Amino acid sequence: MSTHTTTRAQTVSETLSSVIELLENDQNLKKQIRESIEPIDDLSRSAITELNKLHSAPFSQHKEICENSINIISKTQPLWIDVAKLIPESEFYRYQFASGPTMRNLTTSIVLARFILHDELTPSHTISNLLGLQTESTSVLQLSAEDYLQGVIGAVNELPRLSINAVTSQNFELPIKISSFINDIFASYSLLNLRNDALRRKFDSLKYDLKRCEDVVYDLTLRGLTKPRE
């Protein structure tokens with residue numbers, strides 16, 4: 001084998017080895033990030049489980065259920081610090097695949113809980129504060145616009161079921177509040193130029209949620225049950 005061939009083989013080996021090392025390091029980092037998010041996912045599932053009680057609990061317990069869910073979510077704050085430590089500066093979007101689904105689920109729970117508590121749509125900066133994402137220790141992390149918008153739709157998807165169950169519990173005011181809330185959200189989303197396919201598909205689900213809730217209110221109106229209770 002000639003000297004040139006030997007040198008070339010060494011160069012190829014060194015070049016590929018360095019790239020393979022970078023790939024392995026990146027894969028290890030992704031694994032560490034996913035593992036660091038697992039305890040946050042556990043808390044997110046606990047918050048969702050708590051909110052599921054809304055569908056069967058009397059209205060008098062809704063406030064306590066929603067506050068419990070928010071308190072569970074607040075426990076994720078120190079865990080996000082652990083996640084932030086692993087992500088290189090200015091490379092959040094490279095690793096967003098790991099945190100995005102979790103942030104969407106947490107957004108859904110917060111928006112749903114705070115709608116029941118305050119009859120309002122929670123803005124993204126409030127959610128970021130609740131998650132502890134706007135501190136010096138978590139500055140590399142952020143709640144992206146897409147994750148927020150998808151999370152809001154996720155909360156709306158839960159409301160038709162709650163509206164129906166409210167009627168079963170003789171709570172005729174909540175379905176009206178829900179219908180109005182979804183109508184406002186649908187109107188605002190309709191003004192957006194949604195080019196993202198995933199977000200567009202999620203938006204389409206709002207049409208059916210709105211119709212289901214309007215049907216509930218229409219039925220209550222026909223039965224003369226839409227007046228506020230004394």
# chains A, B, ... in the order shown; residues from 1 in each chain; ligands from 1
call {"tool": "residues_around", "arguments": {"residues": "stretch 44-46 of chain A", "least_positions_apart": "4", "cutoff": "7 Å", "atoms": "only C-alpha atoms", "output": "list in words"}}
result
Ile40, Glu50, Ile73, Asn105 and Leu106 of chain A
call {"tool": "residues_around", "arguments": {"residues": "stretch 175-187 of chain A", "least_positions_apart": "5", "cutoff": "8 Å", "atoms": "only C-alpha atoms", "output": "JSON, numbers by chain"}}
result
{"A": [119, 120, 156, 159, 160, 162, 163, 164, 166, 167, 206, 207, 209, 210, 213, 214, 216, 217, 226]}
call {"tool": "write_last_selection", "arguments": {"atoms": "all heavy atoms", "output": "CSV table (one decimal), in the first residue's frame"}}
result
chain,number,residue,atom,x,y,z
A,119,ASP,N,-62.4,32.5,34.6
A,119,ASP,CA,-63.2,32.7,33.4
A,119,ASP,C,-62.4,33.6,32.4
A,119,ASP,O,-62.8,34.6,31.9
A,119,ASP,CB,-64.5,33.4,33.7
A,119,ASP,CG,-65.4,33.5,32.5
A,119,ASP,OD1,-65.3,32.8,31.6
A,119,ASP,OD2,-66.4,34.4,32.6
A,120,GLU,N,-61.2,33.2,32.1
A,120,GLU,CA,-60.3,33.9,31.2
A,120,GLU,C,-59.3,32.9,30.5
A,120,GLU,O,-59.2,31.8,30.9
A,120,GLU,CB,-59.5,34.9,32.0
A,120,GLU,CG,-58.5,34.3,32.9
A,120,GLU,CD,-57.6,35.3,33.6
A,120,GLU,OE1,-58.0,36.5,33.6
A,120,GLU,OE2,-56.5,34.9,34.2
A,156,VAL,N,-59.5,23.4,25.1
A,156,VAL,CA,-60.9,23.6,24.5
A,156,VAL,C,-61.5,22.2,24.2
A,156,VAL,O,-62.7,22.0,24.4
A,156,VAL,CB,-60.8,24.5,23.2
A,156,VAL,CG1,-62.1,24.4,22.5
A,156,VAL,CG2,-60.4,25.9,23.6
A,159,LEU,N,-63.6,20.8,26.9
A,159,LEU,CA,-64.8,21.6,27.4
A,159,LEU,C,-66.1,21.1,27.0
A,159,LEU,O,-67.1,21.2,27.7
A,159,LEU,CB,-64.6,23.1,27.0
A,159,LEU,CG,-63.5,23.8,27.8
A,159,LEU,CD1,-63.3,25.2,27.3
A,159,LEU,CD2,-63.7,23.8,29.3
A,160,PRO,N,-66.3,20.5,25.8
A,160,PRO,CA,-67.6,20.0,25.4
A,160,PRO,C,-68.1,18.9,26.4
A,160,PRO,O,-69.2,18.8,26.8
A,160,PRO,CB,-67.4,19.4,24.0
A,160,PRO,CG,-66.3,20.3,23.4
A,160,PRO,CD,-65.4,20.5,24.6
A,162,LEU,N,-67.1,18.6,29.5
A,162,LEU,CA,-67.5,19.2,30.8
A,162,LEU,C,-68.8,19.9,30.7
A,162,LEU,O,-69.6,19.9,31.7
A,162,LEU,CB,-66.4,20.3,31.1
A,162,LEU,CG,-66.5,21.0,32.5
A,162,LEU,CD1,-66.5,20.0,33.6
A,162,LEU,CD2,-65.4,22.0,32.6
A,163,SER,N,-69.1,20.5,29.5
A,163,SER,CA,-70.4,21.2,29.3
A,163,SER,C,-71.6,20.2,29.5
A,163,SER,O,-72.6,20.5,30.2
A,163,SER,CB,-70.5,21.8,28.0
A,163,SER,OG,-71.7,22.5,27.7
A,164,ILE,N,-71.4,19.0,28.9
A,164,ILE,CA,-72.5,18.0,29.0
A,164,ILE,C,-72.6,17.5,30.4
A,164,ILE,O,-73.8,17.3,30.9
A,164,ILE,CB,-72.2,16.8,28.0
A,164,ILE,CG1,-72.2,17.3,26.6
A,164,ILE,CG2,-73.1,15.7,28.2
A,164,ILE,CD1,-71.7,16.3,25.5
A,166,ALA,N,-71.9,19.1,33.1
A,166,ALA,CA,-72.5,20.1,33.9
A,166,ALA,C,-74.0,20.1,33.9
A,166,ALA,O,-74.6,20.3,34.9
A,166,ALA,CB,-72.0,21.5,33.4
A,167,VAL,N,-74.6,19.9,32.7
A,167,VAL,CA,-76.0,19.8,32.6
A,167,VAL,C,-76.5,18.6,33.4
A,167,VAL,O,-77.5,18.7,34.1
A,167,VAL,CB,-76.4,19.6,31.1
A,167,VAL,CG1,-77.9,19.4,31.0
A,167,VAL,CG2,-76.1,20.8,30.3
A,206,LEU,N,-61.6,22.7,16.6
A,206,LEU,CA,-62.4,23.7,17.4
A,206,LEU,C,-63.8,23.9,16.8
A,206,LEU,O,-64.7,24.2,17.6
A,206,LEU,CB,-61.6,25.1,17.3
A,206,LEU,CG,-60.3,25.2,18.1
A,206,LEU,CD1,-59.8,26.6,17.9
A,206,LEU,CD2,-60.6,25.0,19.6
A,207,LYS,N,-63.9,23.7,15.5
A,207,LYS,CA,-65.3,23.8,14.9
A,207,LYS,C,-66.2,22.8,15.5
A,207,LYS,O,-67.4,23.2,15.8
A,207,LYS,CB,-65.2,23.6,13.4
A,207,LYS,CG,-64.2,24.5,12.7
A,207,LYS,CD,-64.1,24.1,11.2
A,207,LYS,CE,-63.0,24.9,10.5
A,207,LYS,NZ,-62.8,24.4,9.1
A,209,ASP,N,-65.9,21.3,18.5
A,209,ASP,CA,-66.1,21.6,19.9
A,209,ASP,C,-67.1,22.7,20.1
A,209,ASP,O,-67.9,22.7,21.0
A,209,ASP,CB,-64.7,22.0,20.5
A,209,ASP,CG,-63.7,20.9,20.6
A,209,ASP,OD1,-64.1,19.7,20.7
A,209,ASP,OD2,-62.5,21.2,20.5
A,210,LEU,N,-67.0,23.7,19.2
A,210,LEU,CA,-67.9,24.9,19.3
A,210,LEU,C,-69.3,24.4,19.0
A,210,LEU,O,-70.3,24.8,19.8
A,210,LEU,CB,-67.5,26.0,18.4
A,210,LEU,CG,-68.4,27.2,18.3
A,210,LEU,CD1,-68.5,27.9,19.7
A,210,LEU,CD2,-67.8,28.2,17.3
A,213,CYS,N,-70.8,22.4,22.0
A,213,CYS,CA,-71.2,23.3,23.1
A,213,CYS,C,-72.4,24.2,22.8
A,213,CYS,O,-73.3,24.4,23.6
A,213,CYS,CB,-70.0,24.2,23.5
A,213,CYS,SG,-68.7,23.2,24.2
A,214,GLU,N,-72.5,24.7,21.5
A,214,GLU,CA,-73.6,25.5,21.1
A,214,GLU,C,-74.9,24.6,21.2
A,214,GLU,O,-76.0,25.1,21.5
A,214,GLU,CB,-73.4,26.1,19.8
A,214,GLU,CG,-72.4,27.2,19.8
A,214,GLU,CD,-72.2,27.8,18.4
A,214,GLU,OE1,-72.4,27.1,17.4
A,214,GLU,OE2,-71.8,28.9,18.3
A,216,VAL,N,-75.5,22.2,23.2
A,216,VAL,CA,-75.9,22.1,24.6
A,216,VAL,C,-76.7,23.3,25.1
A,216,VAL,O,-77.8,23.2,25.7
A,216,VAL,CB,-74.7,21.8,25.5
A,216,VAL,CG1,-75.1,21.9,27.0
A,216,VAL,CG2,-74.0,20.5,25.2
A,217,VAL,N,-76.2,24.5,24.7
A,217,VAL,CA,-76.8,25.7,25.1
A,217,VAL,C,-78.2,25.9,24.4
A,217,VAL,O,-79.2,26.3,25.0
A,217,VAL,CB,-75.9,26.9,24.8
A,217,VAL,CG1,-76.7,28.2,25.0
A,217,VAL,CG2,-74.7,26.9,25.6
A,226,THR,N,-81.8,28.5,30.7
A,226,THR,CA,-80.6,29.3,30.5
A,226,THR,C,-80.6,30.5,31.4
A,226,THR,O,-79.6,31.3,31.4
A,226,THR,CB,-80.5,29.8,29.0
A,226,THR,OG1,-81.7,30.4,28.7
A,226,THR,CG2,-80.2,28.6,28.1
call {"tool": "select_by_dssp", "arguments": {"residues": "stretch 82-146 of chain A", "states": "alpha helix (DSSP H)", "output": "PDB file with N, CA, C and O atoms, in the first residue's frame"}}
result
ATOM      1  N   ASP A  82     -33.262  21.657  36.039  1.00  0.00           N
ATOM      2  CA  ASP A  82     -32.407  20.510  35.686  1.00  0.00           C
ATOM      3  C   ASP A  82     -32.362  20.297  34.181  1.00  0.00           C
ATOM      4  O   ASP A  82     -31.315  19.932  33.623  1.00  0.00           O
ATOM      5  N   VAL A  83     -33.509  20.506  33.516  1.00  0.00           N
ATOM      6  CA  VAL A  83     -33.554  20.367  32.056  1.00  0.00           C
ATOM      7  C   VAL A  83     -32.702  21.449  31.403  1.00  0.00           C
ATOM      8  O   VAL A  83     -31.920  21.187  30.484  1.00  0.00           O
ATOM      9  N   ALA A  84     -32.852  22.681  31.890  1.00  0.00           N
ATOM     10  CA  ALA A  84     -32.133  23.815  31.297  1.00  0.00           C
ATOM     11  C   ALA A  84     -30.623  23.642  31.374  1.00  0.00           C
ATOM     12  O   ALA A  84     -29.890  24.080  30.473  1.00  0.00           O
ATOM     13  N   LYS A  85     -30.150  23.008  32.426  1.00  0.00           N
ATOM     14  CA  LYS A  85     -28.703  22.812  32.591  1.00  0.00           C
ATOM     15  C   LYS A  85     -28.109  21.954  31.476  1.00  0.00           C
ATOM     16  O   LYS A  85     -26.911  22.070  31.167  1.00  0.00           O
ATOM     17  N   LEU A  86     -28.938  21.112  30.866  1.00  0.00           N
ATOM     18  CA  LEU A  86     -28.440  20.181  29.854  1.00  0.00           C
ATOM     19  C   LEU A  86     -28.422  20.768  28.447  1.00  0.00           C
ATOM     20  O   LEU A  86     -27.703  20.284  27.579  1.00  0.00           O
ATOM     21  N   GLN A  96     -36.113  20.897  21.170  1.00  0.00           N
ATOM     22  CA  GLN A  96     -37.505  21.173  21.542  1.00  0.00           C
ATOM     23  C   GLN A  96     -38.393  19.931  21.428  1.00  0.00           C
ATOM     24  O   GLN A  96     -39.418  19.828  22.098  1.00  0.00           O
ATOM     25  N   PHE A  97     -37.977  18.990  20.571  1.00  0.00           N
ATOM     26  CA  PHE A  97     -38.762  17.765  20.384  1.00  0.00           C
ATOM     27  C   PHE A  97     -39.012  17.061  21.724  1.00  0.00           C
ATOM     28  O   PHE A  97     -40.040  16.396  21.905  1.00  0.00           O
ATOM     29  N   ALA A  98     -38.081  17.228  22.672  1.00  0.00           N
ATOM     30  CA  ALA A  98     -38.200  16.542  23.959  1.00  0.00           C
ATOM     31  C   ALA A  98     -39.128  17.274  24.920  1.00  0.00           C
ATOM     32  O   ALA A  98     -39.888  16.655  25.660  1.00  0.00           O
ATOM     33  N   SER A  99     -39.071  18.595  24.903  1.00  0.00           N
ATOM     34  CA  SER A  99     -39.852  19.375  25.858  1.00  0.00           C
ATOM     35  C   SER A  99     -41.200  19.834  25.324  1.00  0.00           C
ATOM     36  O   SER A  99     -42.114  20.111  26.103  1.00  0.00           O
ATOM     37  N   GLY A 100     -41.336  19.918  23.992  1.00  0.00           N
ATOM     38  CA  GLY A 100     -42.560  20.445  23.390  1.00  0.00           C
ATOM     39  C   GLY A 100     -43.847  19.754  23.833  1.00  0.00           C
ATOM     40  O   GLY A 100     -44.785  20.424  24.298  1.00  0.00           O
ATOM     41  N   PRO A 101     -43.945  18.425  23.717  1.00  0.00           N
ATOM     42  CA  PRO A 101     -45.179  17.740  24.130  1.00  0.00           C
ATOM     43  C   PRO A 101     -45.529  17.979  25.592  1.00  0.00           C
ATOM     44  O   PRO A 101     -46.702  18.146  25.936  1.00  0.00           O
ATOM     45  N   THR A 102     -44.520  18.010  26.446  1.00  0.00           N
ATOM     46  CA  THR A 102     -44.757  18.241  27.875  1.00  0.00           C
ATOM     47  C   THR A 102     -45.277  19.653  28.111  1.00  0.00           C
ATOM     48  O   THR A 102     -46.226  19.862  28.885  1.00  0.00           O
ATOM     49  N   MET A 103     -44.676  20.635  27.441  1.00  0.00           N
ATOM     50  CA  MET A 103     -45.132  22.014  27.599  1.00  0.00           C
ATOM     51  C   MET A 103     -46.556  22.192  27.076  1.00  0.00           C
ATOM     52  O   MET A 103     -47.337  22.950  27.651  1.00  0.00           O
ATOM     53  N   ARG A 104     -46.890  21.487  26.004  1.00  0.00           N
ATOM     54  CA  ARG A 104     -48.264  21.567  25.471  1.00  0.00           C
ATOM     55  C   ARG A 104     -49.255  20.999  26.480  1.00  0.00           C
ATOM     56  O   ARG A 104     -50.331  21.575  26.713  1.00  0.00           O
ATOM     57  N   ASN A 105     -48.919  19.848  27.064  1.00  0.00           N
ATOM     58  CA  ASN A 105     -49.820  19.228  28.042  1.00  0.00           C
ATOM     59  C   ASN A 105     -49.992  20.102  29.281  1.00  0.00           C
ATOM     60  O   ASN A 105     -51.109  20.238  29.809  1.00  0.00           O
ATOM     61  N   LEU A 106     -48.903  20.682  29.740  1.00  0.00           N
ATOM     62  CA  LEU A 106     -48.988  21.561  30.910  1.00  0.00           C
ATOM     63  C   LEU A 106     -49.791  22.815  30.592  1.00  0.00           C
ATOM     64  O   LEU A 106     -50.574  23.294  31.425  1.00  0.00           O
ATOM     65  N   THR A 107     -49.617  23.337  29.380  1.00  0.00           N
ATOM     66  CA  THR A 107     -50.406  24.499  28.955  1.00  0.00           C
ATOM     67  C   THR A 107     -51.886  24.161  28.948  1.00  0.00           C
ATOM     68  O   THR A 107     -52.721  24.950  29.420  1.00  0.00           O
ATOM     69  N   THR A 108     -52.225  22.989  28.430  1.00  0.00           N
ATOM     70  CA  THR A 108     -53.621  22.546  28.403  1.00  0.00           C
ATOM     71  C   THR A 108     -54.212  22.529  29.806  1.00  0.00           C
ATOM     72  O   THR A 108     -55.316  23.039  30.035  1.00  0.00           O
ATOM     73  N   SER A 109     -53.487  21.950  30.748  1.00  0.00           N
ATOM     74  CA  SER A 109     -53.990  21.849  32.119  1.00  0.00           C
ATOM     75  C   SER A 109     -54.143  23.222  32.764  1.00  0.00           C
ATOM     76  O   SER A 109     -55.147  23.499  33.439  1.00  0.00           O
ATOM     77  N   ILE A 110     -53.161  24.089  32.554  1.00  0.00           N
ATOM     78  CA  ILE A 110     -53.225  25.424  33.155  1.00  0.00           C
ATOM     79  C   ILE A 110     -54.370  26.232  32.565  1.00  0.00           C
ATOM     80  O   ILE A 110     -55.132  26.888  33.296  1.00  0.00           O
ATOM     81  N   VAL A 111     -54.517  26.201  31.240  1.00  0.00           N
ATOM     82  CA  VAL A 111     -55.587  26.962  30.588  1.00  0.00           C
ATOM     83  C   VAL A 111     -56.952  26.472  31.057  1.00  0.00           C
ATOM     84  O   VAL A 111     -57.848  27.281  31.351  1.00  0.00           O
ATOM     85  N   LEU A 112     -57.122  25.157  31.158  1.00  0.00           N
ATOM     86  CA  LEU A 112     -58.397  24.602  31.604  1.00  0.00           C
ATOM     87  C   LEU A 112     -58.688  24.997  33.050  1.00  0.00           C
ATOM     88  O   LEU A 112     -59.797  25.453  33.378  1.00  0.00           O
ATOM     89  N   ALA A 113     -57.697  24.819  33.916  1.00  0.00           N
ATOM     90  CA  ALA A 113     -57.891  25.130  35.340  1.00  0.00           C
ATOM     91  C   ALA A 113     -58.182  26.602  35.565  1.00  0.00           C
ATOM     92  O   ALA A 113     -59.102  26.974  36.310  1.00  0.00           O
ATOM     93  N   ARG A 114     -57.444  27.459  34.896  1.00  0.00           N
ATOM     94  CA  ARG A 114     -57.620  28.890  35.113  1.00  0.00           C
ATOM     95  C   ARG A 114     -58.879  29.435  34.442  1.00  0.00           C
ATOM     96  O   ARG A 114     -59.406  30.465  34.863  1.00  0.00           O
ATOM     97  N   PHE A 115     -59.366  28.744  33.420  1.00  0.00           N
ATOM     98  CA  PHE A 115     -60.663  29.129  32.869  1.00  0.00           C
ATOM     99  C   PHE A 115     -61.755  28.908  33.907  1.00  0.00           C
ATOM    100  O   PHE A 115     -62.624  29.763  34.118  1.00  0.00           O
ATOM    101  N   ILE A 116     -61.709  27.764  34.571  1.00  0.00           N
ATOM    102  CA  ILE A 116     -62.700  27.470  35.612  1.00  0.00           C
ATOM    103  C   ILE A 116     -62.566  28.449  36.775  1.00  0.00           C
ATOM    104  O   ILE A 116     -63.556  28.941  37.323  1.00  0.00           O
ATOM    105  N   LEU A 117     -61.333  28.774  37.129  1.00  0.00           N
ATOM    106  CA  LEU A 117     -61.096  29.641  38.286  1.00  0.00           C
ATOM    107  C   LEU A 117     -61.376  31.114  38.000  1.00  0.00           C
ATOM    108  O   LEU A 117     -61.911  31.824  38.856  1.00  0.00           O
ATOM    109  N   HIS A 118     -61.007  31.577  36.798  1.00  0.00           N
ATOM    110  CA  HIS A 118     -61.023  33.014  36.535  1.00  0.00           C
ATOM    111  C   HIS A 118     -61.848  33.415  35.313  1.00  0.00           C
ATOM    112  O   HIS A 118     -61.956  34.613  35.025  1.00  0.00           O
ATOM    113  N   SER A 124     -49.632  33.377  27.487  1.00  0.00           N
ATOM    114  CA  SER A 124     -48.441  32.521  27.487  1.00  0.00           C
ATOM    115  C   SER A 124     -47.422  32.945  28.544  1.00  0.00           C
ATOM    116  O   SER A 124     -46.767  32.091  29.145  1.00  0.00           O
ATOM    117  N   HIS A 125     -47.290  34.244  28.794  1.00  0.00           N
ATOM    118  CA  HIS A 125     -46.283  34.682  29.772  1.00  0.00           C
ATOM    119  C   HIS A 125     -46.664  34.255  31.188  1.00  0.00           C
ATOM    120  O   HIS A 125     -45.792  33.991  32.022  1.00  0.00           O
ATOM    121  N   THR A 126     -47.975  34.168  31.465  1.00  0.00           N
ATOM    122  CA  THR A 126     -48.414  33.686  32.781  1.00  0.00           C
ATOM    123  C   THR A 126     -48.087  32.206  32.945  1.00  0.00           C
ATOM    124  O   THR A 126     -47.647  31.766  34.023  1.00  0.00           O
ATOM    125  N   ILE A 127     -48.290  31.445  31.875  1.00  0.00           N
ATOM    126  CA  ILE A 127     -47.948  30.020  31.914  1.00  0.00           C
ATOM    127  C   ILE A 127     -46.450  29.843  32.111  1.00  0.00           C
ATOM    128  O   ILE A 127     -46.007  29.004  32.910  1.00  0.00           O
ATOM    129  N   SER A 128     -45.655  30.639  31.413  1.00  0.00           N
ATOM    130  CA  SER A 128     -44.197  30.565  31.570  1.00  0.00           C
ATOM    131  C   SER A 128     -43.793  30.844  33.016  1.00  0.00           C
ATOM    132  O   SER A 128     -42.916  30.173  33.570  1.00  0.00           O
ATOM    133  N   ASN A 129     -44.445  31.819  33.631  1.00  0.00           N
ATOM    134  CA  ASN A 129     -44.155  32.138  35.039  1.00  0.00           C
ATOM    135  C   ASN A 129     -44.532  30.983  35.953  1.00  0.00           C
ATOM    136  O   ASN A 129     -43.787  30.644  36.887  1.00  0.00           O
ATOM    137  N   LEU A 130     -45.690  30.377  35.701  1.00  0.00           N
ATOM    138  CA  LEU A 130     -46.139  29.252  36.524  1.00  0.00           C
ATOM    139  C   LEU A 130     -45.192  28.060  36.410  1.00  0.00           C
ATOM    140  O   LEU A 130     -45.027  27.296  37.359  1.00  0.00           O
ATOM    141  N   LEU A 131     -44.576  27.915  35.237  1.00  0.00           N
ATOM    142  CA  LEU A 131     -43.649  26.805  35.024  1.00  0.00           C
ATOM    143  C   LEU A 131     -42.224  27.163  35.444  1.00  0.00           C
ATOM    144  O   LEU A 131     -41.343  26.301  35.442  1.00  0.00           O
ATOM    145  N   ALA A 145     -44.551  29.608  20.632  1.00  0.00           N
ATOM    146  CA  ALA A 145     -45.885  30.030  20.205  1.00  0.00           C
ATOM    147  C   ALA A 145     -46.723  28.829  19.782  1.00  0.00           C
ATOM    148  O   ALA A 145     -47.908  28.737  20.115  1.00  0.00           O
ATOM    149  N   GLU A 146     -46.105  27.892  19.069  1.00  0.00           N
ATOM    150  CA  GLU A 146     -46.857  26.718  18.609  1.00  0.00           C
ATOM    151  C   GLU A 146     -47.308  25.851  19.773  1.00  0.00           C
ATOM    152  O   GLU A 146     -48.454  25.383  19.807  1.00  0.00           O
TER     153      GLU A 146
END
call {"tool": "atom_distance", "arguments": {"atom1": "atom CA of A:Phe92", "atom2": "atom CA of A:Ala198"}}
result
20.2 Å
call {"tool": "closest_residue", "arguments": {"among": "A:Trp80, A:Phe172, A:Tyr189, A:Phe203", "to": "A:Leu143", "atoms": "only C-alpha atoms"}}
result
A:Trp80
call {"tool": "closest_residue", "arguments": {"among": "A:Asp197, A:Asp219, A:Glu91, A:Asp42", "to": "A:Gln142", "atoms": "only C-alpha atoms"}}
result
A:Glu91
call {"tool": "residues_around", "arguments": {"residues": "A:Leu54", "least_positions_apart": "3", "cutoff": "9 Å", "atoms": "only C-alpha atoms", "output": "ChimeraX atom specification"}}
result
/A:50-51,57-59,61-62,65-66,162,165
call {"tool": "write_last_selection", "arguments": {"atoms": "N, CA, C and O atoms", "output": "tab-separated table (two decimals), in the first residue's frame"}}
result
chain	number	residue	atom	x	y	z
A	50	GLU	N	-56.04	14.96	38.15
A	50	GLU	CA	-56.80	15.80	39.08
A	50	GLU	C	-57.91	16.54	38.34
A	50	GLU	O	-59.05	16.59	38.81
A	51	LEU	N	-57.60	17.10	37.18
A	51	LEU	CA	-58.59	17.86	36.42
A	51	LEU	C	-59.71	16.97	35.88
A	51	LEU	O	-60.82	17.44	35.66
A	57	ALA	N	-67.26	15.54	39.58
A	57	ALA	CA	-67.43	16.21	40.87
A	57	ALA	C	-68.50	17.30	40.78
A	57	ALA	O	-68.70	17.90	39.72
A	58	PRO	N	-69.18	17.58	41.88
A	58	PRO	CA	-70.14	18.70	41.89
A	58	PRO	C	-69.41	20.03	41.68
A	58	PRO	O	-68.22	20.15	41.97
A	59	PHE	N	-70.14	21.01	41.18
A	59	PHE	CA	-69.54	22.30	40.85
A	59	PHE	C	-68.88	22.94	42.07
A	59	PHE	O	-67.89	23.66	41.93
A	61	GLN	N	-66.96	21.72	44.06
A	61	GLN	CA	-65.59	21.22	44.24
A	61	GLN	C	-64.64	21.63	43.11
A	61	GLN	O	-63.44	21.35	43.17
A	62	HIS	N	-65.18	22.29	42.10
A	62	HIS	CA	-64.35	22.63	40.94
A	62	HIS	C	-63.17	23.54	41.30
A	62	HIS	O	-62.06	23.35	40.81
A	65	ILE	N	-60.41	21.55	42.97
A	65	ILE	CA	-59.76	20.65	42.00
A	65	ILE	C	-58.78	21.43	41.13
A	65	ILE	O	-57.64	20.99	40.91
A	66	CYS	N	-59.20	22.57	40.63
A	66	CYS	CA	-58.34	23.37	39.76
A	66	CYS	C	-57.14	23.92	40.51
A	66	CYS	O	-56.02	23.96	39.97
A	162	LEU	N	-67.15	18.58	29.49
A	162	LEU	CA	-67.47	19.24	30.76
A	162	LEU	C	-68.83	19.93	30.69
A	162	LEU	O	-69.58	19.93	31.66
A	165	ASN	N	-71.53	17.25	31.05
A	165	ASN	CA	-71.58	16.75	32.42
A	165	ASN	C	-72.12	17.80	33.39
A	165	ASN	O	-72.73	17.46	34.41
call {"tool": "atom_distance", "arguments": {"atom1": "atom CA of A:Asn28", "atom2": "atom CA of A:Ile81"}}
result
18.9 Å
